[in-house]
Each structure stands twice: as C-alpha cells, then as structure tokens.
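Dropping my_file_33.txt in here (compact mmCIF, C-alpha atoms):
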```txt
# COMPACT_ATOMS: atom_id res chain seq x y z
CA MET A 19 -136.89 70.20 48.42
CA ASN A 20 -139.02 70.06 51.56
CA SER A 21 -142.15 70.33 49.44
CA PHE A 22 -140.95 67.40 47.34
CA ARG A 23 -140.29 65.39 50.50
CA THR A 24 -143.77 66.25 51.78
CA ARG A 25 -145.42 65.24 48.51
CA LEU A 26 -143.47 61.98 48.42
CA THR A 27 -144.46 61.21 52.02
CA ILE A 28 -148.14 61.96 51.32
CA ILE A 29 -148.11 59.76 48.22
CA MET A 30 -146.56 56.85 50.12
CA ILE A 31 -149.02 57.21 53.01
CA THR A 32 -151.96 57.41 50.59
CA LEU A 33 -150.87 54.29 48.73
CA ILE A 34 -150.38 52.37 51.98
CA GLY A 35 -153.74 53.58 53.32
CA LEU A 36 -155.61 52.63 50.16
CA SER A 37 -153.92 49.22 50.12
CA VAL A 38 -154.84 48.53 53.74
CA LEU A 39 -158.40 49.78 53.23
CA ALA A 40 -158.85 47.60 50.14
CA ALA A 41 -157.43 44.61 52.02
CA GLY A 42 -159.79 45.30 54.94
CA LEU A 43 -162.83 45.52 52.67
CA PHE A 44 -161.82 42.31 50.93
CA MET A 45 -161.21 40.51 54.24
CA GLY A 46 -164.54 41.67 55.68
CA LYS A 47 -166.45 40.70 52.56
CA THR A 48 -164.70 37.32 52.36
CA PHE A 49 -165.31 36.56 56.03
CA LYS A 50 -168.99 37.40 55.77
CA ASN A 51 -169.52 35.33 52.61
CA ASN A 52 -167.62 32.36 54.03
CA HIS A 53 -169.59 32.54 57.27
CA LEU A 54 -172.91 32.71 55.41
CA ASP A 55 -171.90 29.80 53.18
CA ALA A 56 -170.99 27.75 56.26
CA LEU A 57 -174.33 28.59 57.88
CA GLN A 58 -176.18 27.67 54.71
CA ASP A 59 -174.40 24.34 54.41
CA ASN A 60 -175.17 23.56 58.04
CA MET A 61 -178.85 24.48 57.61
CA VAL A 62 -179.10 22.37 54.45
CA ARG A 63 -177.71 19.39 56.36
CA GLU A 64 -180.25 19.96 59.14
CA MET A 65 -183.13 20.12 56.64
CA ARG A 66 -182.04 16.88 55.02
CA ILE A 67 -181.97 15.20 58.41
CA ILE A 68 -185.42 16.60 59.18
CA LEU A 69 -186.87 15.31 55.89
CA ASP A 70 -185.30 11.93 56.47
CA GLN A 71 -186.81 11.63 59.96
CA MET A 72 -190.31 13.05 59.38
CA GLU A 73 -193.20 12.05 57.17
CA TRP A 74 -194.17 14.50 54.42
CA ARG A 75 -197.93 14.36 54.15
CA ASP A 76 -200.19 15.44 51.32
CA GLY A 77 -203.65 16.93 51.53
CA THR A 78 -205.51 20.23 51.78
CA PRO A 79 -203.99 23.05 53.87
CA GLU A 80 -206.81 22.84 56.39
CA GLU A 81 -206.00 19.18 57.00
CA LEU A 82 -202.25 19.78 57.32
CA TYR A 83 -202.02 22.98 59.44
CA GLY A 84 -202.02 21.16 62.73
CA TYR A 85 -199.52 18.47 61.77
CA TYR A 86 -196.90 20.73 60.21
CA THR A 87 -197.26 23.41 62.90
CA GLN A 88 -196.65 20.83 65.60
CA GLU A 89 -193.62 19.46 63.70
CA ALA A 90 -192.23 22.96 63.14
CA GLN A 91 -192.47 23.84 66.82
CA ARG A 92 -190.84 20.52 67.80
CA LEU A 93 -187.97 20.97 65.32
CA LYS A 94 -187.29 24.52 66.43
CA LYS A 95 -186.34 23.25 69.87
CA ILE A 96 -183.84 20.91 68.23
CA THR A 97 -182.34 23.21 65.54
CA ASP A 98 -182.75 26.51 67.40
CA SER A 99 -184.02 27.95 64.09
CA ARG A 100 -187.37 29.06 62.78
CA VAL A 101 -188.89 26.22 60.73
CA THR A 102 -191.42 26.72 57.93
CA PHE A 103 -193.19 24.16 55.74
CA ILE A 104 -194.54 25.36 52.36
CA ASN A 105 -196.50 23.38 49.77
CA GLY A 106 -195.88 23.54 46.02
CA SER A 107 -198.37 26.43 45.60
CA GLY A 108 -196.57 28.65 48.13
CA VAL A 109 -199.11 28.17 50.93
CA VAL A 110 -197.53 27.98 54.38
CA LEU A 111 -198.56 24.70 55.99
CA GLY A 112 -196.75 25.14 59.27
CA ASP A 113 -194.44 27.63 61.01
CA SER A 114 -192.71 27.48 64.36
CA ASP A 115 -193.17 31.19 65.14
CA HIS A 116 -196.48 32.23 63.53
CA ASP A 117 -199.93 30.92 62.79
CA PRO A 118 -199.65 29.55 59.21
CA GLU A 119 -203.29 30.43 58.48
CA THR A 120 -202.51 34.14 58.85
CA MET A 121 -199.32 34.11 56.78
CA ASP A 122 -199.07 35.32 53.18
CA ASN A 123 -198.35 33.10 50.22
CA HIS A 124 -194.55 32.50 50.03
CA LEU A 125 -194.32 31.51 46.39
CA GLN A 126 -192.72 34.85 45.40
CA ARG A 127 -190.14 34.89 48.20
CA ALA A 128 -186.58 35.06 46.82
CA GLU A 129 -185.33 31.94 48.56
CA VAL A 130 -188.39 29.97 47.43
CA GLN A 131 -187.96 31.08 43.82
CA GLU A 132 -184.27 30.13 43.88
CA ALA A 133 -185.00 26.79 45.51
CA GLU A 134 -187.51 25.87 42.79
CA LYS A 135 -184.81 26.60 40.17
CA SER A 136 -181.70 25.08 41.74
CA GLY A 137 -182.96 22.96 44.62
CA VAL A 138 -181.61 25.28 47.37
CA GLY A 139 -182.22 29.00 47.77
CA ARG A 140 -180.90 31.67 50.10
CA SER A 141 -181.82 35.27 50.89
CA ILE A 142 -181.19 37.81 53.64
CA ARG A 143 -183.98 40.11 54.78
CA ARG A 144 -184.51 42.34 57.78
CA SER A 145 -187.28 41.30 60.13
CA ASP A 146 -189.45 44.19 61.29
CA THR A 147 -190.71 42.04 64.17
CA ILE A 148 -187.36 41.44 65.86
CA ASP A 149 -185.46 44.25 64.03
CA GLN A 150 -182.65 41.92 62.92
CA ASN A 151 -181.26 40.54 59.69
CA LEU A 152 -182.43 36.97 59.06
CA LEU A 153 -180.87 34.34 56.83
CA TYR A 154 -183.52 32.27 54.99
CA VAL A 155 -182.50 28.96 53.44
CA ALA A 156 -185.12 26.97 51.50
CA MET A 157 -184.84 23.47 50.01
CA LEU A 158 -187.09 21.32 47.87
CA VAL A 159 -188.56 18.34 49.64
CA ASP A 160 -188.05 16.23 46.49
CA PRO A 161 -185.76 17.65 43.80
CA LYS A 162 -187.42 15.36 41.25
CA GLN A 163 -190.84 16.87 42.06
CA PRO A 164 -190.60 20.70 42.41
CA ASP A 165 -194.32 20.87 43.31
CA ALA A 166 -194.00 18.45 46.24
CA GLY A 167 -193.19 21.22 48.71
CA ILE A 168 -190.44 23.25 50.38
CA ILE A 169 -188.89 23.28 53.83
CA ARG A 170 -187.31 26.49 55.04
CA LEU A 171 -185.09 27.40 57.99
CA SER A 172 -184.38 30.96 59.08
CA LEU A 173 -181.67 32.08 61.45
CA SER A 174 -180.84 35.44 63.01
CA LEU A 175 -177.62 37.02 61.76
CA LYS A 176 -177.11 39.01 64.94
CA GLU A 177 -174.01 37.05 65.87
CA VAL A 178 -172.65 37.34 62.33
CA ASP A 179 -173.25 41.10 62.31
CA GLU A 180 -171.59 41.42 65.69
CA SER A 181 -168.59 39.45 64.41
CA ILE A 182 -168.35 41.67 61.33
CA THR A 183 -168.57 44.74 63.58
CA ARG A 184 -165.74 43.42 65.75
CA ILE A 185 -163.64 42.74 62.66
CA TRP A 186 -164.24 46.25 61.33
CA THR A 187 -163.38 47.75 64.71
CA THR A 188 -160.16 45.74 64.79
CA LEU A 189 -159.37 46.74 61.22
CA LEU A 190 -159.97 50.42 61.93
CA VAL A 191 -157.75 50.35 65.01
CA GLY A 192 -155.08 48.45 63.10
CA LEU A 193 -155.42 50.85 60.19
CA LEU A 194 -154.95 53.83 62.51
CA ILE A 195 -151.85 52.26 64.06
CA LEU A 196 -150.54 51.37 60.61
CA PHE A 197 -151.09 54.96 59.48
CA VAL A 198 -148.99 56.25 62.37
CA VAL A 199 -146.24 53.75 61.60
CA ALA A 200 -146.56 54.47 57.86
CA VAL A 201 -146.20 58.20 58.45
CA PHE A 202 -142.98 57.65 60.40
CA ILE A 203 -141.55 55.12 57.95
CA SER A 204 -142.62 57.13 54.89
CA PHE A 205 -141.03 60.27 56.28
CA ARG A 206 -137.79 58.40 56.99
CA VAL A 207 -137.78 56.85 53.52
CA ALA A 208 -138.62 60.17 51.85
CA ARG A 209 -135.91 61.93 53.82
CA GLY A 210 -133.42 59.23 52.87
CA LEU A 211 -134.32 59.69 49.21
CA THR A 212 -134.33 63.49 49.19
CA ARG A 213 -131.29 64.15 51.41
CA PRO A 214 -128.78 63.30 48.61
CA LEU A 215 -130.77 65.52 46.25
CA GLU A 216 -130.60 68.36 48.78
CA GLN A 217 -126.83 67.95 49.00
CA ILE A 218 -126.55 67.93 45.20
CA THR A 219 -128.66 71.11 45.07
CA ARG A 220 -126.42 72.85 47.63
CA VAL A 221 -123.27 71.83 45.77
CA SER A 222 -124.76 72.98 42.44
CA LYS A 223 -125.54 76.40 43.94
CA ARG A 224 -121.95 76.69 45.26
CA ILE A 225 -120.61 75.85 41.81
CA LYS A 226 -122.98 78.42 40.34
CA ASN A 227 -121.42 80.97 42.74
CA LEU A 228 -117.94 80.07 41.35
CA ASP A 229 -116.97 77.81 44.25
CA TYR A 230 -115.47 75.06 42.12
CA ARG A 231 -114.02 73.22 45.11
CA ALA A 232 -117.48 72.07 46.21
CA ARG A 233 -118.03 68.32 45.88
CA VAL A 234 -120.92 65.90 46.43
CA SER A 235 -120.37 63.14 49.00
CA VAL A 236 -121.31 60.00 47.03
CA LYS A 237 -122.40 57.06 49.23
CA GLY A 238 -124.20 54.82 46.75
CA HIS A 239 -124.01 53.58 43.20
CA ASP A 240 -127.64 54.15 42.25
CA GLU A 241 -129.02 56.84 39.93
CA ILE A 242 -128.57 59.55 42.56
CA GLY A 243 -124.98 58.39 43.15
CA GLU A 244 -124.32 58.58 39.40
CA LEU A 245 -125.74 62.10 39.39
CA GLY A 246 -123.41 63.05 42.24
CA LEU A 247 -120.41 61.64 40.37
CA ALA A 248 -121.43 63.61 37.27
CA ILE A 249 -121.66 66.83 39.33
CA ASN A 250 -118.21 66.15 40.82
CA ALA A 251 -116.74 65.48 37.37
CA MET A 252 -118.25 68.72 36.09
CA ALA A 253 -116.80 70.62 39.06
CA ASP A 254 -113.37 69.06 38.43
CA GLY A 255 -113.47 70.13 34.79
CA LEU A 256 -114.62 73.65 35.63
CA GLN A 257 -111.97 73.99 38.32
CA VAL A 258 -109.21 72.99 35.87
CA GLN A 259 -110.55 75.33 33.21
CA MET A 260 -110.86 78.26 35.60
CA GLU A 261 -107.32 77.69 36.87
CA ARG A 262 -106.08 77.78 33.29
CA ILE A 263 -108.10 80.92 32.60
CA HIS A 264 -106.73 82.63 35.71
CA GLN A 265 -103.22 81.57 34.72
CA ASN A 266 -103.66 82.92 31.20
CA GLU A 267 -105.13 86.15 32.57
CA SER A 268 -102.15 86.55 34.91
CA GLN A 269 -99.71 85.92 32.08
CA LEU A 270 -101.56 88.35 29.81
CA ALA A 271 -101.67 91.00 32.54
CA SER A 272 -97.95 90.53 33.17
CA VAL A 273 -97.17 90.89 29.47
CA LEU A 274 -99.32 93.99 29.08
CA ASP A 275 -97.93 95.66 32.21
CA ASN A 276 -94.35 95.15 31.03
CA MET A 277 -94.85 96.34 27.45
CA ILE A 278 -93.11 99.58 26.45
CA ASP A 279 -96.09 100.41 24.22
CA GLY A 280 -99.46 101.55 25.43
CA VAL A 281 -102.39 99.24 24.64
CA MET A 282 -106.08 100.03 24.84
CA MET A 283 -108.94 97.77 23.69
CA ILE A 284 -112.35 99.22 22.86
CA ASP A 285 -115.37 97.06 22.01
CA ARG A 286 -117.77 97.78 19.15
CA ASP A 287 -120.08 99.72 21.49
CA GLY A 288 -117.28 102.12 22.38
CA SER A 289 -116.64 100.82 25.91
CA ILE A 290 -113.03 100.55 27.06
CA VAL A 291 -112.33 96.89 27.85
CA LEU A 292 -108.59 96.86 28.57
CA MET A 293 -105.84 99.37 29.26
CA ASN A 294 -102.25 98.62 30.29
CA ARG A 295 -99.96 100.59 32.59
CA CYS A 296 -97.96 102.23 29.77
CA ALA A 297 -101.19 103.57 28.22
CA GLU A 298 -102.10 105.05 31.61
CA GLU A 299 -98.77 106.89 31.75
CA MET A 300 -99.06 108.15 28.17
CA LEU A 301 -102.66 109.39 28.53
CA GLY A 302 -102.36 110.46 32.16
CA ILE A 303 -105.54 108.58 33.14
CA SER A 304 -105.93 105.59 35.48
CA SER A 305 -107.42 102.40 34.00
CA LYS A 306 -109.70 102.11 37.04
CA GLU A 307 -111.43 105.29 35.93
CA LEU A 308 -111.90 104.20 32.31
CA VAL A 309 -112.28 100.43 32.04
CA GLY A 310 -115.97 99.63 31.53
CA ARG A 311 -116.84 103.19 30.52
CA HIS A 312 -117.27 104.85 27.12
CA TYR A 313 -114.14 106.19 25.44
CA LEU A 314 -115.72 109.65 25.14
CA GLU A 315 -115.47 109.96 28.92
CA ALA A 316 -111.66 109.95 28.63
CA LYS A 317 -111.90 113.66 27.84
CA GLN A 318 -108.78 113.55 25.70
CA GLN A 319 -108.07 115.80 22.83
CA TYR A 320 -110.38 115.76 19.90
CA GLU A 321 -107.95 114.14 17.45
CA LEU A 322 -107.63 110.93 19.54
CA LEU A 323 -111.37 110.62 20.02
CA GLN A 324 -111.94 111.20 16.31
CA ILE A 325 -109.47 108.47 15.34
CA ILE A 326 -111.19 105.99 17.64
CA GLN A 327 -114.58 106.92 16.21
CA ASP A 328 -113.28 106.53 12.63
CA GLY A 329 -111.82 103.12 13.47
CA LEU A 330 -115.12 101.91 14.92
CA GLU A 331 -117.03 103.16 11.89
CA ARG A 332 -114.62 102.16 9.12
CA LYS A 333 -113.49 98.89 10.72
CA GLU A 334 -110.04 99.07 9.12
CA HIS A 335 -106.45 99.70 10.16
CA LEU A 336 -105.61 103.37 10.83
CA ARG A 337 -102.29 105.00 11.68
CA GLU A 338 -101.76 108.58 12.83
CA GLU A 339 -99.22 110.73 14.68
CA ILE A 340 -100.52 113.07 17.37
CA THR A 341 -98.74 115.52 19.62
CA PHE A 342 -99.89 115.23 23.27
CA TYR A 343 -99.42 118.07 25.74
CA PHE A 344 -100.72 116.27 28.83
CA PRO A 345 -99.34 115.02 31.17
CA GLU A 346 -96.24 116.16 29.23
CA GLU A 347 -95.49 117.12 25.65
CA ARG A 348 -94.68 114.15 23.44
CA LEU A 349 -95.28 112.82 19.94
CA LEU A 350 -97.30 109.56 19.81
CA ASP A 351 -97.59 107.11 16.95
CA LEU A 352 -101.15 105.67 17.01
CA ASN A 353 -102.05 102.34 15.39
CA LEU A 354 -105.76 101.41 15.39
CA VAL A 355 -106.36 97.76 14.47
CA PRO A 356 -109.88 96.30 14.01
CA ILE A 357 -110.69 93.06 15.92
CA PHE A 358 -112.85 90.38 14.36
CA GLN A 359 -114.27 87.37 16.21
CA ASP A 360 -115.82 84.64 14.07
CA GLU A 361 -116.00 87.12 11.19
CA GLU A 362 -117.94 89.56 13.35
CA PHE A 363 -116.58 92.96 14.28
CA GLY A 364 -115.69 92.99 17.97
CA GLY A 365 -114.01 96.37 18.41
CA VAL A 366 -110.59 98.00 17.91
CA LEU A 367 -107.14 97.71 19.50
CA LEU A 368 -105.29 100.98 20.00
CA VAL A 369 -101.46 100.79 20.24
CA LEU A 370 -99.61 103.90 21.47
CA GLN A 371 -95.88 104.34 20.75
```
Hey, can you dump this file as structure tokens for me?
Amino acid sequence: MNSFRTRLTIIMITLIGLSVLAAGLFMGKTFKNNHLDALQDNMVREMRIILDQMEWRDGTPEELYGYYTQEAQRLKKITDSRVTFINGSGVVLGDSDHDPETMDNHLQRAEVQEAEKSGVGRSIRRSDTIDQNLLYVAMLVDPKQPDAGIIRLSLSLKEVDESITRIWTTLLVGLLILFVVAVFISFRVARGLTRPLEQITRVSKRIKNLDYRARVSVKGHDEIGELGLAINAMADGLQVQMERIHQNESQLASVLDNMIDGVMMIDRDGSIVLMNRCAEEMLGISSKELVGRHYLEAKQQYELLQIIQDGLERKEHLREEITFYFPEERLLDLNLVPIFQDEEFGGVLLVLQ
C-alpha cells in the first residue's frame, strides 16, 4: 500500500510540475511577444512622425549620403534608437552609427524584405559589435511606391532580455516553492485516499484468518465507502454462516457421542474422517490417534480391515459379524454403507453394533 501511495504522490507532483512548467513557458513566451509587439508599434509611430517632419529627397547615393547621415544622427538623439535610411535598391543612404558608404546592401535583410511585402517588417538579430540582440523594424516611406525607400529603426533588447531573465528567475523560485507545497499536499491527499484502502486490506486479512468479527470503519459514501460496506456485509454473512456451522457441528458431535452404536467414517482415499466415543470403546483405540490417518494404521484384526477395503472397492452396502477379542471378547455386527456426494463416491460409513 505504501508503494501505491508513493506512486500516487509522484504522479500528482509530476502533473502539477508539468502544468506549472507549461504555464511558465506560455507566460514567458506571451510576455516577450507582447513586449516586442509594443516596441514595434512604438517604433512604427516614431518612424511615421519622422517621415512627416522630414523631407525625403531623391538623387544618387553620393549626393544623399551627407543629408541622410546628418538626419539619422539628429533623430537618434530624439528617439534614442539607431536610424537607417535605405533607398529602393537596398543602398544605405544614411545611418546614425556607421558610415553608410562602407555598409553592405540591405535589400536582402529580413526586415527589409518583409517591409516591401507588407509595409512593415521586423526581425531580431544579434549584433557582433555590441554583443546584444537588436530589434530591427523597417517601414516603407510610401506604401504606394515600394521603390521610394525604407526607413529603419533598431533598438537593443537588453532590457527586454533582462526582464525575461527576471521573469524566469521568479518562475523558477515560485516553481520550487510550489513543488515543496505540492509534495506536502500530494502526500496528504494520497494518504487520505489510501488510508481507507489500508484499513480494508487489514480487515480482509483478519477475515481471511477466520476473524469474522472484524469490520471496516466507514466514514464516507463514495466508492471506497461502498467497498467498506460490502466487506462488512460479507463479514456479517460469514459470521452467521460460521455460527450455524459451529452449532451444527456441536449438535452432530453431541449426537455421535451419545449414540449406543459405534460410528466411523472413512473417505475414498482410506483416511479416517470421523469416529465417535462408542467406536473408540469397541475398538479400544482413541479417535485422536486415528482421525486423519489411514485405516490400515488401526492395526485391527484382518477381517475388519478386509471388510473396509472391500467396501471401498465395491462401493456397496456390506454387513458382517465379527468376534473381537480386544479390549474384551464380544460379537460385533458391522454395517458398511457407501457415501455418495453429487453422484460421486465419497467414502464409506462403518456402523458397529
């Protein structure tokens, strides 16, 4: 039963742990996505304000490097974000952090590709320069003219990562505390569920050992309570039946002991099953020495043993008269009656007169 309680406790703890872990993963993922969406929306609003306030010029990259670089550096002080201007061919016209003339073509960048398709694009990449994750949000200058150009803002996700780390730390500490509480509660619940079963098991073992007075203390009306009531009803029935059997055995023993004829019952294997007091006096042998043993161990005269053997073999009624010389000389009338139980031969009953 203890092993069952242990398994039940482990199962409950595992289920609670998996549920909390799944909830933590979902919460962390949801928080991160919501935070990134909020940052993106804020950056999109800033880019729209920038485009509304500044003049978007056309021309060759060489003519525009100075203008867009100066604008990018000025806007960085306002937005606290890296600002990049890209023309429709992917050439960087101005950047707040780097010389645009030394920068690669940005046409294949993920956020630029997405912006050309849907108007706004987002991607997260790790910067080798500052060793941090950066959020890049790009937007078309004119959605009606995808080739007009793209403005892009990038922001460090250090604060977001730190917030996620704090959330995971809090979740892990909470999960550990919850595990301790879950172990205690699960053990209490498992013990509450298995204690009635342990009592039923103890009562069943007592009934098995013929203690029919054992009863289960029923405290509920659930399935376990119904099982306890069934065990009690079975014990009541067995107790009544055993009392009747003991009463019948006492009555039978009283009848046999007070008969003036000797009675001996022998089963089909030749073992002596029953022997009354009169038979003991006639044969001069105690029933304690013979009951449960083979009739040949009675060591009586040959004629008696031969009659018993014939009765077991022939399975029919036999009657004989034999003169006994021990413990005193007397003439006995022997009646050997076959016993059948459900049409099967069960042995013989020997009556001595």
Report as a PDB file with C-alpha atoms, in the frame of the given file all protein, DNA and RNA residues lying within 10 Å of range 312-315 of chain A, evaluated on only C-alpha atoms, omitting residues in the same chain fewer than 2 positions from it.
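Below you can see selection-v8.pdb, which holds the result:
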```
ATOM      1  CA  ILE A 284    -112.350  99.220  22.860  1.00  0.00           C
ATOM      2  CA  ASP A 285    -115.370  97.060  22.010  1.00  0.00           C
ATOM      3  CA  ASP A 287    -120.080  99.720  21.490  1.00  0.00           C
ATOM      4  CA  GLY A 288    -117.280 102.120  22.380  1.00  0.00           C
ATOM      5  CA  SER A 289    -116.640 100.820  25.910  1.00  0.00           C
ATOM      6  CA  ILE A 290    -113.030 100.550  27.060  1.00  0.00           C
ATOM      7  CA  VAL A 291    -112.330  96.890  27.850  1.00  0.00           C
ATOM      8  CA  GLU A 307    -111.430 105.290  35.930  1.00  0.00           C
ATOM      9  CA  LEU A 308    -111.900 104.200  32.310  1.00  0.00           C
ATOM     10  CA  VAL A 309    -112.280 100.430  32.040  1.00  0.00           C
ATOM     11  CA  GLY A 310    -115.970  99.630  31.530  1.00  0.00           C
ATOM     12  CA  LYS A 317    -111.900 113.660  27.840  1.00  0.00           C
ATOM     13  CA  GLN A 318    -108.780 113.550  25.700  1.00  0.00           C
ATOM     14  CA  TYR A 320    -110.380 115.760  19.900  1.00  0.00           C
ATOM     15  CA  LEU A 322    -107.630 110.930  19.540  1.00  0.00           C
ATOM     16  CA  LEU A 323    -111.370 110.620  20.020  1.00  0.00           C
ATOM     17  CA  GLN A 324    -111.940 111.200  16.310  1.00  0.00           C
ATOM     18  CA  ILE A 326    -111.190 105.990  17.640  1.00  0.00           C
ATOM     19  CA  GLN A 327    -114.580 106.920  16.210  1.00  0.00           C
TER      20      GLN A 327
END
```
For the interface of range 148-245 of chain A with range 109-116 of chain A (cut-off 12 Å, counting only C-alpha atoms), please tabulate each contacting residue of range 148-245 of chain A alongside its nearest pair of atoms and their separation in Å to one decimal, rows sorted by chain and increasing number, as JSON lines.
```
{"residue": "A:Ile148", "atom": "CA", "partner": "A:Asp115", "partner_atom": "CA", "distance": 11.8}
{"residue": "A:Asp165", "atom": "CA", "partner": "A:Val109", "partner_atom": "CA", "distance": 11.6}
{"residue": "A:Ala166", "atom": "CA", "partner": "A:Val109", "partner_atom": "CA", "distance": 11.9}
{"residue": "A:Gly167", "atom": "CA", "partner": "A:Val109", "partner_atom": "CA", "distance": 9.4}
{"residue": "A:Ile168", "atom": "CA", "partner": "A:Val110", "partner_atom": "CA", "distance": 9.4}
{"residue": "A:Ile169", "atom": "CA", "partner": "A:Gly112", "partner_atom": "CA", "distance": 9.7}
{"residue": "A:Arg170", "atom": "CA", "partner": "A:Asp113", "partner_atom": "CA", "distance": 9.4}
{"residue": "A:Leu171", "atom": "CA", "partner": "A:Asp113", "partner_atom": "CA", "distance": 9.8}
{"residue": "A:Ser172", "atom": "CA", "partner": "A:Ser114", "partner_atom": "CA", "distance": 10.5}
```
Near range 299-301 of chain A, counting only C-alpha atoms, which residues have an atom at most 10 Å away, once you skip same-chain residues fewer than 6 positions from it, shown as a PyMOL selection string?
chain A and resi 279-280+316+318+342-348+350+370-371
Filtering to C-alpha atoms, could you give me those residues as a short mmCIF file (atom, residue, chain, number, x, y, z; two decimals), in the coordinates of the input?
```
data_model
loop_
_atom_site.label_atom_id
_atom_site.label_comp_id
_atom_site.auth_asym_id
_atom_site.auth_seq_id
_atom_site.Cartn_x
_atom_site.Cartn_y
_atom_site.Cartn_z
CA ASP A 279 -96.09 100.41 24.22
CA GLY A 280 -99.46 101.55 25.43
CA ALA A 316 -111.66 109.95 28.63
CA GLN A 318 -108.78 113.55 25.70
CA PHE A 342 -99.89 115.23 23.27
CA TYR A 343 -99.42 118.07 25.74
CA PHE A 344 -100.72 116.27 28.83
CA PRO A 345 -99.34 115.02 31.17
CA GLU A 346 -96.24 116.16 29.23
CA GLU A 347 -95.49 117.12 25.65
CA ARG A 348 -94.68 114.15 23.44
CA LEU A 350 -97.30 109.56 19.81
CA LEU A 370 -99.61 103.90 21.47
CA GLN A 371 -95.88 104.34 20.75
#
```
Choose the residue, out of A:Val369, A:His239, A:Arg231, A:Glu338, that has the smallest atom-to-atom separation from Leu274 in chain A; count all atoms listed in the file.
A:Val369
Env of Glu334 in chain A: 9 Å cut, atoms = all atoms listed in the file, seq-sep filter 2 positions within chain, self excluded. Answer as a ChimeraX atom specification.
/A:328-332,336,354-356,366
